[in-house]
Every structure is written in C-alpha cells, then in structure tokens.
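Structure file work31.tsv (TSV, C-alpha atoms) is printed below.
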```tsv
chain	number	residue	atom	x	y	z
A	1	MET	CA	22.79	-88.27	0.79
A	2	PRO	CA	22.25	-88.19	4.57
A	3	PHE	CA	19.66	-90.84	5.32
A	4	THR	CA	18.51	-92.24	8.63
A	5	SER	CA	17.80	-95.96	8.63
A	6	VAL	CA	15.13	-97.56	10.80
A	7	ILE	CA	15.26	-101.36	10.68
A	8	ALA	CA	11.99	-103.17	11.26
A	9	ASN	CA	10.51	-106.65	11.05
A	10	LEU	CA	7.32	-106.02	9.15
A	11	GLN	CA	5.94	-109.42	10.05
A	12	SER	CA	5.25	-108.26	13.58
A	13	LYS	CA	5.17	-104.45	13.54
A	14	GLN	CA	3.38	-101.72	11.67
A	15	GLN	CA	5.19	-98.44	11.09
A	16	LYS	CA	3.36	-95.40	12.45
A	17	LEU	CA	3.86	-92.79	9.73
A	18	VAL	CA	2.17	-89.52	8.86
A	19	SER	CA	-0.82	-89.68	6.54
A	20	LEU	CA	1.13	-88.09	3.67
A	21	PHE	CA	2.79	-91.39	2.87
A	22	PHE	CA	1.26	-93.96	5.21
A	23	CYS	CA	-1.13	-95.57	2.73
A	24	PRO	CA	1.27	-95.91	-0.22
A	25	LEU	CA	3.93	-97.32	2.07
A	26	LEU	CA	1.52	-99.78	3.72
A	27	GLU	CA	0.26	-100.92	0.32
A	28	TRP	CA	3.87	-101.77	-0.52
A	29	GLN	CA	4.33	-103.35	2.89
A	30	LYS	CA	1.32	-105.67	2.45
A	31	SER	CA	2.96	-107.10	-0.65
A	32	LEU	CA	5.92	-108.38	1.37
A	33	ALA	CA	6.08	-112.06	2.27
A	34	GLY	CA	6.90	-111.34	5.91
A	35	ASN	CA	10.32	-112.95	5.87
A	36	LEU	CA	12.21	-109.86	4.80
A	37	ALA	CA	14.32	-107.35	6.64
A	38	VAL	CA	13.35	-103.89	5.48
A	39	SER	CA	15.17	-100.60	5.77
A	40	LEU	CA	12.98	-97.51	5.79
A	41	LEU	CA	14.95	-94.47	4.77
A	42	LEU	CA	13.54	-91.17	5.98
A	43	ARG	CA	14.78	-87.94	4.46
A	44	PHE	CA	13.87	-84.71	6.23
A	45	GLY	CA	13.77	-81.43	4.34
A	46	SER	CA	15.65	-78.53	5.92
A	47	GLY	CA	13.26	-76.17	7.68
A	48	GLU	CA	10.20	-78.13	6.56
A	49	GLU	CA	7.60	-79.96	8.61
A	50	LYS	CA	7.03	-82.61	5.98
A	51	CYS	CA	9.33	-85.48	5.17
A	52	SER	CA	9.64	-87.85	2.27
A	53	VAL	CA	10.20	-91.59	2.40
A	54	MET	CA	12.28	-93.95	0.37
A	55	ALA	CA	11.99	-97.68	1.02
A	56	ARG	CA	14.65	-100.27	0.36
A	57	GLN	CA	13.82	-103.96	0.43
A	58	VAL	CA	16.50	-106.39	1.54
A	59	GLU	CA	16.08	-110.16	1.36
A	60	PHE	CA	16.42	-111.63	4.83
A	61	SER	CA	18.41	-114.56	3.44
A	62	LYS	CA	21.13	-112.10	2.43
A	63	VAL	CA	21.59	-110.60	5.89
A	64	ARG	CA	20.66	-113.33	8.38
A	65	SER	CA	24.16	-114.88	8.41
A	66	LEU	CA	26.06	-111.59	8.64
A	67	THR	CA	28.12	-110.79	11.70
A	68	PRO	CA	27.35	-107.49	13.43
A	69	ARG	CA	30.33	-105.89	11.67
A	70	GLN	CA	29.28	-107.20	8.26
A	71	PHE	CA	25.75	-105.95	8.85
A	72	VAL	CA	26.85	-102.40	9.65
A	73	GLU	CA	29.29	-102.48	6.75
A	74	LYS	CA	26.41	-103.40	4.43
A	75	LEU	CA	24.36	-100.48	5.74
A	76	SER	CA	27.23	-98.10	5.12
A	77	LYS	CA	28.71	-99.27	1.83
A	78	GLU	CA	25.81	-100.87	-0.02
A	79	LEU	CA	22.78	-98.96	1.23
A	80	GLY	CA	24.39	-95.56	1.77
A	81	VAL	CA	22.97	-95.19	5.27
A	82	ARG	CA	24.38	-92.29	7.32
A	83	GLY	CA	22.56	-92.74	10.62
A	84	VAL	CA	20.89	-95.53	12.56
A	85	VAL	CA	18.16	-95.29	15.19
A	86	ALA	CA	17.52	-98.27	17.50
A	87	GLY	CA	16.14	-99.09	20.93
A	88	GLU	CA	18.48	-99.91	23.80
A	89	ASN	CA	17.43	-103.60	23.67
A	90	TYR	CA	18.13	-103.91	19.93
A	91	ARG	CA	19.96	-107.10	18.87
A	92	PHE	CA	21.45	-107.70	15.43
A	93	GLY	CA	23.82	-109.94	13.52
A	94	TYR	CA	23.90	-113.72	13.29
A	95	ARG	CA	22.20	-115.27	16.32
A	96	ALA	CA	21.64	-111.73	17.69
A	97	ALA	CA	25.33	-111.50	18.57
A	98	GLY	CA	25.39	-107.69	18.61
A	99	ASP	CA	23.66	-105.32	21.01
A	100	ALA	CA	23.08	-101.57	21.10
A	101	SER	CA	26.55	-100.82	22.44
A	102	ASP	CA	28.11	-102.86	19.62
A	103	LEU	CA	25.99	-100.94	17.16
A	104	VAL	CA	27.30	-97.61	18.46
A	105	LYS	CA	30.94	-98.77	18.27
A	106	LEU	CA	30.62	-100.20	14.77
A	107	CYS	CA	28.72	-97.20	13.46
A	108	LYS	CA	31.49	-94.95	14.73
A	109	GLU	CA	34.06	-97.04	12.87
A	110	TYR	CA	32.13	-96.76	9.62
A	111	GLY	CA	31.29	-93.08	10.01
A	112	LEU	CA	27.59	-93.56	10.76
A	113	GLY	CA	25.62	-91.71	13.37
A	114	ALA	CA	24.02	-93.97	15.98
A	115	TYR	CA	21.10	-92.90	18.12
A	116	ILE	CA	19.97	-95.24	20.91
A	117	ILE	CA	16.51	-94.57	22.27
A	118	ASN	CA	15.80	-95.29	25.93
A	119	PRO	CA	12.56	-97.15	26.69
A	120	VAL	CA	9.49	-95.30	27.92
A	121	MET	CA	8.24	-96.96	31.09
A	122	ASP	CA	4.63	-97.87	31.70
A	123	LYS	CA	3.67	-96.25	34.99
A	124	SER	CA	0.07	-97.45	35.12
A	125	GLN	CA	0.36	-101.25	35.04
A	126	ASP	CA	2.41	-103.96	36.70
A	127	SER	CA	4.56	-105.93	34.25
A	128	GLY	CA	3.25	-109.21	35.65
A	129	ASP	CA	-0.22	-108.40	34.32
A	130	ILE	CA	1.08	-108.33	30.76
A	131	ASP	CA	3.45	-111.26	30.38
A	132	PRO	CA	4.53	-112.87	33.67
A	133	SER	CA	6.73	-115.38	31.83
A	134	GLY	CA	8.45	-112.81	29.60
A	135	SER	CA	12.09	-112.45	30.60
A	136	LYS	CA	12.43	-109.27	28.52
A	137	GLU	CA	9.47	-107.54	30.13
A	138	ARG	CA	10.72	-104.82	32.48
A	139	GLY	CA	7.67	-102.60	32.55
A	140	GLN	CA	8.56	-100.64	29.42
A	141	VAL	CA	6.00	-99.45	26.91
A	142	SER	CA	6.04	-101.98	24.09
A	143	SER	CA	3.98	-103.39	21.26
A	144	THR	CA	3.16	-106.32	23.58
A	145	ARG	CA	1.46	-103.96	26.03
A	146	VAL	CA	-0.39	-102.12	23.28
A	147	ARG	CA	-1.69	-105.41	21.85
A	148	TYR	CA	-2.71	-106.48	25.37
A	149	ALA	CA	-4.69	-103.27	25.90
A	150	LEU	CA	-6.30	-103.49	22.45
A	151	ALA	CA	-7.34	-107.09	23.10
A	152	LYS	CA	-9.08	-105.91	26.29
A	153	GLY	CA	-10.69	-102.97	24.51
A	154	ASP	CA	-9.16	-100.63	27.10
A	155	MET	CA	-8.71	-97.58	24.89
A	156	LYS	CA	-7.85	-95.31	27.81
A	157	TYR	CA	-4.86	-97.51	28.58
A	158	VAL	CA	-3.93	-97.66	24.88
A	159	THR	CA	-3.91	-93.86	24.76
A	160	GLU	CA	-1.67	-93.72	27.84
A	161	LEU	CA	0.79	-96.15	26.26
A	162	LEU	CA	0.93	-94.44	22.87
A	163	GLY	CA	0.72	-90.87	24.13
A	164	ARG	CA	-2.10	-90.35	21.62
A	165	GLN	CA	-5.32	-92.01	20.55
A	166	HIS	CA	-5.04	-95.29	18.67
A	167	ARG	CA	-5.47	-94.68	14.94
A	168	LEU	CA	-6.97	-97.58	13.01
A	169	MET	CA	-6.00	-97.58	9.33
A	170	LEU	CA	-8.19	-99.03	6.58
A	171	MET	CA	-7.41	-99.45	2.89
A	172	VAL	CA	-9.89	-100.77	0.34
A	173	ASN	CA	-9.15	-102.28	-3.06
A	174	ASP	CA	-11.10	-102.87	-6.27
A	175	GLN	CA	-12.87	-105.90	-4.81
A	176	GLU	CA	-13.67	-104.46	-1.38
A	177	ARG	CA	-15.36	-101.09	-0.97
A	178	PHE	CA	-17.01	-98.98	1.67
A	179	THR	CA	-20.74	-99.74	1.83
A	180	ARG	CA	-23.53	-97.61	3.27
A	181	ASP	CA	-26.75	-98.46	5.07
A	182	GLY	CA	-28.43	-95.22	6.06
A	183	SER	CA	-26.01	-93.33	8.29
A	184	ARG	CA	-23.76	-96.36	8.79
A	185	VAL	CA	-20.64	-97.01	6.70
A	186	SER	CA	-19.13	-100.51	6.81
A	187	VAL	CA	-15.86	-102.00	5.64
A	188	PRO	CA	-14.59	-105.62	5.89
A	189	LYS	CA	-11.88	-106.42	8.42
A	190	SER	CA	-9.74	-107.69	5.56
A	191	CYS	CA	-9.08	-104.02	4.75
A	192	LEU	CA	-7.35	-103.41	8.10
A	193	LEU	CA	-3.73	-102.28	8.02
A	194	ASN	CA	-3.14	-102.50	11.77
A	195	LEU	CA	-4.68	-104.04	14.88
A	196	PRO	CA	-8.20	-103.05	15.94
A	197	PRO	CA	-9.46	-103.22	19.51
A	198	LYS	CA	-11.67	-106.13	20.54
A	199	GLU	CA	-15.22	-106.44	19.26
A	200	GLY	CA	-17.64	-103.96	20.74
A	201	LEU	CA	-18.98	-100.42	20.66
A	202	TYR	CA	-16.60	-97.46	20.87
A	203	GLN	CA	-17.83	-93.94	21.55
A	204	ASN	CA	-16.14	-90.59	20.95
A	205	CYS	CA	-14.17	-91.66	17.91
A	206	SER	CA	-13.05	-89.41	15.06
A	207	LEU	CA	-13.14	-90.11	11.34
A	208	ILE	CA	-10.01	-89.05	9.42
A	209	ILE	CA	-9.78	-88.87	5.63
A	210	GLY	CA	-6.42	-87.77	4.25
A	211	ASP	CA	-5.19	-85.03	6.57
A	212	GLY	CA	-8.70	-83.83	7.44
A	213	ASN	CA	-10.92	-84.61	10.44
A	214	PHE	CA	-14.47	-85.36	9.25
A	215	GLY	CA	-15.97	-85.27	12.72
A	216	ALA	CA	-17.11	-87.52	15.52
A	217	CYS	CA	-18.48	-91.02	15.05
A	218	LYS	CA	-19.29	-94.22	16.87
A	219	VAL	CA	-17.53	-97.42	15.88
A	220	VAL	CA	-18.93	-100.93	16.12
A	221	ILE	CA	-16.56	-103.84	15.57
A	222	ASP	CA	-17.97	-107.31	14.96
A	223	THR	CA	-16.44	-110.57	13.74
A	224	THR	CA	-16.25	-109.54	10.09
A	225	HIS	CA	-16.65	-105.76	9.71
A	226	ILE	CA	-15.85	-102.31	11.04
A	227	HIS	CA	-18.99	-100.15	11.16
A	228	LEU	CA	-18.94	-96.35	11.41
A	229	GLU	CA	-22.06	-94.65	12.73
A	230	LEU	CA	-22.08	-90.99	11.75
A	231	ASP	CA	-24.46	-88.18	12.64
A	232	GLU	CA	-24.24	-86.59	9.21
A	233	LEU	CA	-25.86	-88.57	6.40
A	234	ALA	CA	-24.06	-86.32	3.92
A	235	THR	CA	-20.72	-87.56	5.23
A	236	CYS	CA	-21.78	-91.19	4.70
A	237	ILE	CA	-22.82	-90.46	1.15
A	238	TYR	CA	-19.59	-88.57	0.53
A	239	ILE	CA	-17.43	-91.48	1.76
A	240	THR	CA	-19.17	-94.11	-0.37
A	241	SER	CA	-19.50	-91.94	-3.48
A	242	GLN	CA	-15.86	-90.91	-3.69
A	243	ASP	CA	-12.98	-93.12	-4.79
A	244	PHE	CA	-11.37	-93.22	-1.34
A	245	ARG	CA	-8.77	-95.91	-0.73
A	246	CYS	CA	-7.67	-94.93	2.78
A	247	LEU	CA	-9.65	-94.04	5.86
A	248	SER	CA	-8.59	-93.68	9.49
A	249	ILE	CA	-10.34	-93.80	12.85
A	250	ASP	CA	-9.02	-92.26	16.06
A	251	PHE	CA	-10.48	-94.17	19.01
A	252	GLY	CA	-11.99	-92.67	22.11
A	253	GLU	CA	-13.03	-94.68	25.17
A	254	SER	CA	-15.21	-97.75	24.84
A	255	THR	CA	-18.55	-98.49	26.45
A	256	ASP	CA	-19.94	-101.86	27.41
```
Output the file's structure in the form of structure tokens.
Amino acid sequence: MPFTSVIANLQSKQQKLVSLFFCPLLEWQKSLAGNLAVSLLLRFGSGEEKCSVMARQVEFSKVRSLTPRQFVEKLSKELGVRGVVAGENYRFGYRAAGDASDLVKLCKEYGLGAYIINPVMDKSQDSGDIDPSGSKERGQVSSTRVRYALAKGDMKYVTELLGRQHRLMLMVNDQERFTRDGSRVSVPKSCLLNLPPKEGLYQNCSLIIGDGNFGACKVVIDTTHIHLELDELATCIYITSQDFRCLSIDFGESTD
C-alpha cells in the first residue's frame, strides 16, 4: 500500500492533525514513554477530503544505531513505507550522519518517494530575539518560535507563525472532568494535550467540540486550570452534562 511516513520525536513535538482522529491518536501518544521513534502513516483516499491514520511504534533502541542506509532500508522493507516527507534541516542515522540530501539519494535507491520541505521564514521578528545562542536559528518558523510567542502570550504573533489561530486541545479521563460554576466551565491543566499560552485572560476565543464551532468565549488561564467563560448558560450545561472527552479552543488576541 502507498503510505507516506512522517517521522517525529513525540517527546518534543505534538502532531497537528484534523479533529477526526486527533484525540484517539493523542491518547495513544500520551501512553508513550517519550524515548521512542514513531512513524505516523497517513493514507489519503482518492478524491476524498478525509484521510485515515495508521500508527506504527518503533523502539528507539532498535533504530538509534542504524546508519542512514540501514534506516531507509528499514522504512522500505520492514515498514512498507513508500514516501518520506522531511524538512531541509532533517538529520537521521547514527550520530545524525545523514542529511536531507542523503535521504533523497537513499530513498531513490530503495524506490521511495522523498519530499523535502523548505522552511517558512518568519518575517516579523529578528532571530536574535528568539535564541541568540542557537546556531541552527536562521529566522525560520519553528516550534521554538511558537513556544516563545506562547510563553509571552502574544497570540497575534502565534497566529502569524502558524498561519492560523492556535488551537489548544484538552482531553479528560474518568478521574478528571469538566466542571461548571454558573457560565464558567473549568478543566485541570493536566488534561492539556499541547502547550497553552501564558497565564492570563484571552478574548475572542472560539470553543470547538468535535468538528463543530460552539461559539465565542473568553479564556482564563491560571496556575492549575483552564477556565472558559461562555455567554450561553445552555452551552455550559451541555458541555458538563455530556460525556465529552475532547474539547478545543481557538485563541484570539489577549488582553492585559
């Protein structure tokens, strides 16, 4: 089957996936120890907008000593990968011996498609503001810049970097639930699946449940909880009365 493989270190990055499979995949992801190399296999249906996901877990200890050639050979022969997508600064193999150009050459030898993505440059900030000591920082949009903007609570900058509003993902379990106090819904920070902005009040946010937009809300982030302030009491009651596991928030600009 023609699969495209996206290799990611789940200890440091969250995959941004459509809501159809984001929550089930992240629930699986949270069970990982963080020391694993994971291959996410995306299969796209012909003529369809939706896609399905298959996930393959590979123990890092089994790939960390592989040469670049052995790594690509494993993708081809053992995992059945047919295409690889990577950034131009991608390194792989033992001691990061291989780069993007090596990946292209090796993939060609093994009959795999290789697609190298050029970086998107950040036109609004100087690279020295982000990480003046970072030798790899060339002004490109990166997770480092997004984390920097989130830590400042600068949601306008976050939106510019992502090309969309930041979507905060929350997943509750049997022990932790959404709670309601009047028109405010609260959830512990332990339910977060990705990084929130810094503590504070955020206006013009949108509440997302499943693939539906439930309207505008304000968000207050404190040391322990995420609080949603909604205009419609009925929406608050609906959230806390249903057996929802996943909830998302698209962030607008913050106010001091």
Report task. Please indicate the distance in Å from CA of Ile221 (chain A) to CA of Asp122 (chain A), rounded to one decimal place. Result ->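 Between these atoms lies a distance of 27.3 Å.
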**Report entry** Interatomic distance, CA of Tyr90 (chain A) to CA of Thr67 (chain A) (Å, one decimal)
**Finding:**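 Interatomic distance, CA of Tyr90 (chain A) to CA of Thr67 (chain A): 14.7 Å.
As for CA of Ile208 (chain A) and CA of Lys152 (chain A), they are spaced 23.9 Å apart.
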Which polymer residues have any atom within 9 Å of an atom of Thr179 (chain A), counting all atoms listed in the file, with same-chain residues fewer than 4 positions away left out, as a PDB file with C-alpha atoms, in the frame of the given file?
```pdb
ATOM      1  CA  ARG A 184     -23.760 -96.360   8.790  1.00  0.00           C
ATOM      2  CA  VAL A 185     -20.640 -97.010   6.700  1.00  0.00           C
ATOM      3  CA  SER A 186     -19.130-100.510   6.810  1.00  0.00           C
ATOM      4  CA  VAL A 187     -15.860-102.000   5.640  1.00  0.00           C
ATOM      5  CA  ILE A 239     -17.430 -91.480   1.760  1.00  0.00           C
ATOM      6  CA  THR A 240     -19.170 -94.110  -0.370  1.00  0.00           C
TER       7      THR A 240
END
```
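Using all atoms listed in the file, the shortest contact distance between Ala86 (chain A) and any of A:Thr144, A:Ser61, A:Ser206, A:Asn118 is found at A:Asn118.
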Query raised in the report: Which residues come within 10 Å of region 98-107 of chain A, counting all atoms listed in the file, excluding same-chain residues fewer than 2 positions away, as a PyMOL selection string?
Result: chain A and resi 67-73+75-76+82-96+109-117
Report summary line: Nearest to Thr223 (chain A), restricted to only C-alpha atoms and choosing among A:Gly200, A:Pro119, A:Cys205, A:Phe60, comes out as A:Gly200
Report task. Find the residues near region 153-158 of chain A: any atom within 6 Å, counting only C-alpha atoms, skip ones fewer than 5 places away on the same chain, and give them as a count of residues only. Result -> 4
Query raised in the report: Can you list, as a PyMOL selection string, every protein, DNA or RNA residue that comes within 12 Å of Ile226 (chain A) when you count all atoms listed in the file, leaving out same-chain residues fewer than 2 positions away?
Result: chain A and resi 168-170+178-180+184-192+195-202+218-224+228-229+247-249
Query raised in the report: Which is closer to Leu150 (chain A) than all the others in A:Lys123, A:Lys62, A:Asn194, A:Asn173, using all atoms listed in the file?
Result: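 Residue with the minimum atom-to-atom distance to Leu150 (chain A): A:Asn194.
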Box in all listed atoms of region 97-113 of chain A, axis-aligned, with 8 Å more on each side; write out centre and edge lengths in Å to one decimal as lines of an AutoDock Vina configuration file.
```
center_x = 28.6
center_y = -101.6
center_z = 16.0
size_x = 27.0
size_y = 35.8
size_z = 28.8
```
Query raised in the report: So, counting only C-alpha atoms, which residue among A:Lys74, A:Phe251, A:Met121, A:Ile209 is closest to Tyr238 (chain A)?
Result: A:Ile209
